[in-house]
Amino acid sequence: MGAEAYGLVGFFVMLQAWFMILDLGLTPTVSRETARYYGGAISSLSYRQFFRSLNMIFLSVAIIGGALLWSLAEAIASSWLNAVKISDDEVILAIQLMALIVALRWMGGLYRGLLIGAEKFVWLSIFNVITSTLRSIGVLVVMWHFGFTPYVFFTYQAVISGAEIIILWCKSLVLLPKISSRTEKIGWSISPVKSKLKFALTIAFTSSIWVLITQSDKLILSKILPLADYGYFTLAVMVASGIMIISGPVSNAVLPHMTRLYAQDRRIEMLQIYRNSTQLVAVIAGAVSVTLAFCAEHFLYAWTGDLQLVEAVSPILRLYAIGNCFLAITSFPYYLQYAKGNLRYHLYGNVLMIFLLLPSIMFFATYFGSIGAGYAWCVVNILLLFFWVAFVHSKIEPGIHLKWLFHDVIIVILPSALIGVMFFFSDFSLSSRIISFSITMFVGIVCLAISCAFSSMVRSHFCKFFFKMRLS
C-alpha cells in the first residue's frame, strides 16, 4: 500500500480508540445488567426497557459521531493529515469510509455486551475469530484482486463491519426475552438507564484516562508528521503493542483469584500469586521486548525486506518496545489494588501519567518527531516503575517493593537484556531475510530461556514437573 496509505490505516485505528471514549462505560453496564437478568435479579420487562434505552443511546451516538466525522473529512484531509503522494480526494473518501466503519463497530459494542452478559462466550469467540480473519487476511485477497489502495481497503472493511453488525443484531434478538405486547409496554424512555449511570461513569472515567495515555502520542503525531512518516510510526507502535497483549490473559486469570484470596483473608497466598504473575509477565514480555529492541533491524528486514523501512522504523520500535515492557510491569500494582477493592492510587497514577506524558510527547514530538515521542514514552514509563510504583507499594503493601522489584523484575529481565546488548554491538549485516529471521528467532529463544532460568517461579514449576515425571 505504501507508507502514506498505511499512515491512513494507523489514523483509522487511532480513531476507533478515541471513539471508545464515547462508550461512557455503557458496554460493561450492558453485560452486567444482562447477567443480572439471567440470574433472576430483574424482570423481563425491566430488562427490555433498559436494553431499548441503551439501544437509543448507542444509535444516537453512532449517527451523531459518524456524521460529525464524515463532515470533518475535508478539514482533516487538508489541515490535519500531511499527505504528499495521496490526493486530498482519496484521503477525504478514506476518512468518510472510516466514519461509517467506526459508527458500525461502535454499535457492535452494545450487542457484544449482551452476548457477554448472557455468557455466550463460545459463540462470540468463534464469531470474533471469523470476523478478525476476514478483516486481516481476507482483505489481502480482495486487495490482490482489486488493487492495493486505501479505497479498496476501507470499502472492504466497511462491508465486513456492516455484515458483522447485522449478524450481532440477529443473534441479540434471539437472546432478548419475549414479553406480551398486550399487557407489557417497553416504551421509548431513557429513564431505565439513569439508575446505572454511576457504575457506568466510574468505568468510563478510568477507560478514558487509559485511552488518553495510550493514544495521545498517535493523535499528536498524526498532525505533526508527514503521512508517510506517520505510517512508519504506526508500524513500529503496532509491532510493539504485541508486548501489552501478553499481560491481558494474565490479568484475566489473576484478578478474580487474588480478589477471592483477599476476601478469604489469605493475604500471603494472594501476595505469592501477585509475585508469581509478575515473574511470568517479566519472563515473556521481557524476552519479547529485548528481542524487538535489540533485533529491531533484523526483525523488520525479515518481515518486509525493505531497507528504507528498516532504517525509518527500527529506532522507534526499539523505544516503544522498551517502554511497553516497563508499562506491562507497571500495571501490576493495579491488580493488588483491585483485589483489595481500592483503586484510588491507580486513578492518581493514571492522572499523573497524563500530566507527565502529554507535555513530554507534545514537546519532543514537535522538535524531534516520532523519535522524540518514543523517548518520551520510554522515559515516562521507566520513571513510573521506579518511583510511582514504589510509592503505591509503600501505601498498600509496605515492605514488598524492593523484593518485588529486584527478585521478580530486575533479576528476571536484566540477564536477557545483557544478551540483547551483546548482540546489538555485534556485527551482523542485513544480508538475507532468512538469515535475519534466524537471528531474531535465535536471540528470542536464548532470551526466553535465560529469563526462565533466572525466574524462581519458573524454576520451581520445572522442578515439580520433572519430579512428577520421574515418579511416574
# chains A, B, ... in the order shown; residues from 1 in each chain; ligands from 1

call {"tool": "residues_around", "arguments": {"residues": "range 132-135 of chain A", "least_positions_apart": "6", "cutoff": "12 Å", "atoms": "only C-alpha atoms", "output": "ChimeraX atom specification"}}
result
/A:101,124-126,141-143,153-161,163-164

call {"tool": "closest_residue", "arguments": {"among": "A:Leu219, A:Cys447, A:Met441, A:Leu175", "to": "Val13 in chain A", "atoms": "only C-alpha atoms"}}
result
A:Leu219

call {"tool": "closest_residue", "arguments": {"among": "A:Ile179, A:Ala35, A:Ala236, A:Ile57", "to": "Tyr6 in chain A", "atoms": "only C-alpha atoms"}}
result
A:Ala236

call {"tool": "decode", "arguments": {"residues": "range 286-326 of chain A", "atoms": "N, CA and C atoms", "output": "CSV table (one decimal), in the first residue's frame"}}
result
chain,number,residue,atom,x,y,z
A,286,GLY,N,9.5,-9.6,28.9
A,286,GLY,CA,10.9,-9.2,28.9
A,286,GLY,C,11.6,-9.7,27.7
A,287,ALA,N,11.5,-11.0,27.5
A,287,ALA,CA,12.1,-11.7,26.3
A,287,ALA,C,11.7,-11.1,25.0
A,288,VAL,N,10.4,-10.8,24.9
A,288,VAL,CA,9.9,-10.3,23.6
A,288,VAL,C,10.4,-8.9,23.4
A,289,SER,N,10.3,-8.0,24.5
A,289,SER,CA,10.8,-6.6,24.3
A,289,SER,C,12.3,-6.5,24.1
A,290,VAL,N,13.1,-7.4,24.7
A,290,VAL,CA,14.5,-7.4,24.5
A,290,VAL,C,14.8,-7.8,23.0
A,291,THR,N,14.1,-8.8,22.5
A,291,THR,CA,14.3,-9.2,21.1
A,291,THR,C,13.9,-8.1,20.2
A,292,LEU,N,12.7,-7.5,20.4
A,292,LEU,CA,12.3,-6.4,19.5
A,292,LEU,C,13.2,-5.2,19.6
A,293,ALA,N,13.7,-4.9,20.8
A,293,ALA,CA,14.5,-3.7,20.9
A,293,ALA,C,15.9,-3.9,20.3
A,294,PHE,N,16.5,-5.0,20.5
A,294,PHE,CA,17.9,-5.2,20.1
A,294,PHE,C,18.0,-5.9,18.8
A,295,CYS,N,17.0,-6.5,18.3
A,295,CYS,CA,16.9,-7.1,17.0
A,295,CYS,C,16.0,-6.4,16.0
A,296,ALA,N,15.7,-5.2,16.3
A,296,ALA,CA,14.7,-4.4,15.5
A,296,ALA,C,14.9,-4.5,14.0
A,297,GLU,N,16.2,-4.2,13.7
A,297,GLU,CA,16.5,-4.2,12.2
A,297,GLU,C,16.3,-5.5,11.6
A,298,HIS,N,16.8,-6.6,12.2
A,298,HIS,CA,16.7,-7.9,11.7
A,298,HIS,C,15.2,-8.4,11.6
A,299,PHE,N,14.5,-8.1,12.6
A,299,PHE,CA,13.0,-8.4,12.7
A,299,PHE,C,12.3,-7.7,11.5
A,300,LEU,N,12.5,-6.4,11.4
A,300,LEU,CA,11.8,-5.7,10.3
A,300,LEU,C,12.3,-6.1,8.9
A,301,TYR,N,13.5,-6.4,8.8
A,301,TYR,CA,14.1,-6.8,7.4
A,301,TYR,C,13.6,-8.1,7.1
A,302,ALA,N,13.5,-9.1,8.1
A,302,ALA,CA,13.0,-10.4,7.8
A,302,ALA,C,11.5,-10.3,7.4
A,303,TRP,N,10.8,-9.4,8.0
A,303,TRP,CA,9.4,-9.3,7.7
A,303,TRP,C,9.1,-8.6,6.4
A,304,THR,N,9.8,-7.5,6.1
A,304,THR,CA,9.4,-6.6,5.0
A,304,THR,C,10.4,-6.7,3.8
A,305,GLY,N,11.7,-6.9,4.1
A,305,GLY,CA,12.7,-6.9,3.1
A,305,GLY,C,12.9,-5.5,2.5
A,306,ASP,N,12.5,-4.4,3.2
A,306,ASP,CA,12.6,-3.0,2.8
A,306,ASP,C,13.6,-2.3,3.7
A,307,LEU,N,14.8,-2.1,3.1
A,307,LEU,CA,15.9,-1.4,3.9
A,307,LEU,C,15.5,0.0,4.3
A,308,GLN,N,14.8,0.7,3.4
A,308,GLN,CA,14.4,2.1,3.8
A,308,GLN,C,13.4,2.1,5.0
A,309,LEU,N,12.5,1.1,5.0
A,309,LEU,CA,11.6,1.0,6.1
A,309,LEU,C,12.3,0.6,7.4
A,310,VAL,N,13.2,-0.3,7.3
A,310,VAL,CA,14.0,-0.7,8.4
A,310,VAL,C,14.7,0.5,9.1
A,311,GLU,N,15.3,1.3,8.2
A,311,GLU,CA,16.1,2.4,8.8
A,311,GLU,C,15.1,3.4,9.4
A,312,ALA,N,13.9,3.6,8.9
A,312,ALA,CA,13.0,4.6,9.5
A,312,ALA,C,12.3,4.1,10.7
A,313,VAL,N,12.0,2.8,10.8
A,313,VAL,CA,11.1,2.2,11.8
A,313,VAL,C,11.9,1.7,13.0
A,314,SER,N,13.0,1.1,12.8
A,314,SER,CA,13.7,0.4,13.9
A,314,SER,C,14.0,1.2,15.1
A,315,PRO,N,14.5,2.5,15.0
A,315,PRO,CA,14.7,3.3,16.2
A,315,PRO,C,13.4,3.5,17.0
A,316,ILE,N,12.3,3.7,16.3
A,316,ILE,CA,11.0,3.9,17.0
A,316,ILE,C,10.6,2.6,17.7
A,317,LEU,N,10.7,1.5,17.0
A,317,LEU,CA,10.3,0.2,17.5
A,317,LEU,C,11.1,-0.1,18.8
A,318,ARG,N,12.4,0.2,18.7
A,318,ARG,CA,13.2,-0.1,19.9
A,318,ARG,C,12.7,0.7,21.1
A,319,LEU,N,12.4,1.9,21.0
A,319,LEU,CA,12.0,2.7,22.1
A,319,LEU,C,10.6,2.3,22.7
A,320,TYR,N,9.7,2.0,21.7
A,320,TYR,CA,8.4,1.6,22.2
A,320,TYR,C,8.4,0.2,22.8
A,321,ALA,N,9.2,-0.6,22.3
A,321,ALA,CA,9.3,-2.0,22.9
A,321,ALA,C,9.8,-1.9,24.3
A,322,ILE,N,10.8,-1.1,24.6
A,322,ILE,CA,11.3,-0.9,25.9
A,322,ILE,C,10.3,-0.3,26.8
A,323,GLY,N,9.6,0.8,26.3
A,323,GLY,CA,8.6,1.5,27.1
A,323,GLY,C,7.4,0.6,27.4
A,324,ASN,N,7.0,-0.2,26.4
A,324,ASN,CA,5.9,-1.1,26.7
A,324,ASN,C,6.2,-2.2,27.7
A,325,CYS,N,7.4,-2.6,27.7
A,325,CYS,CA,7.9,-3.6,28.7
A,325,CYS,C,7.7,-3.1,30.1
A,326,PHE,N,8.2,-1.8,30.3
A,326,PHE,CA,8.0,-1.2,31.6
A,326,PHE,C,6.6,-0.9,31.9
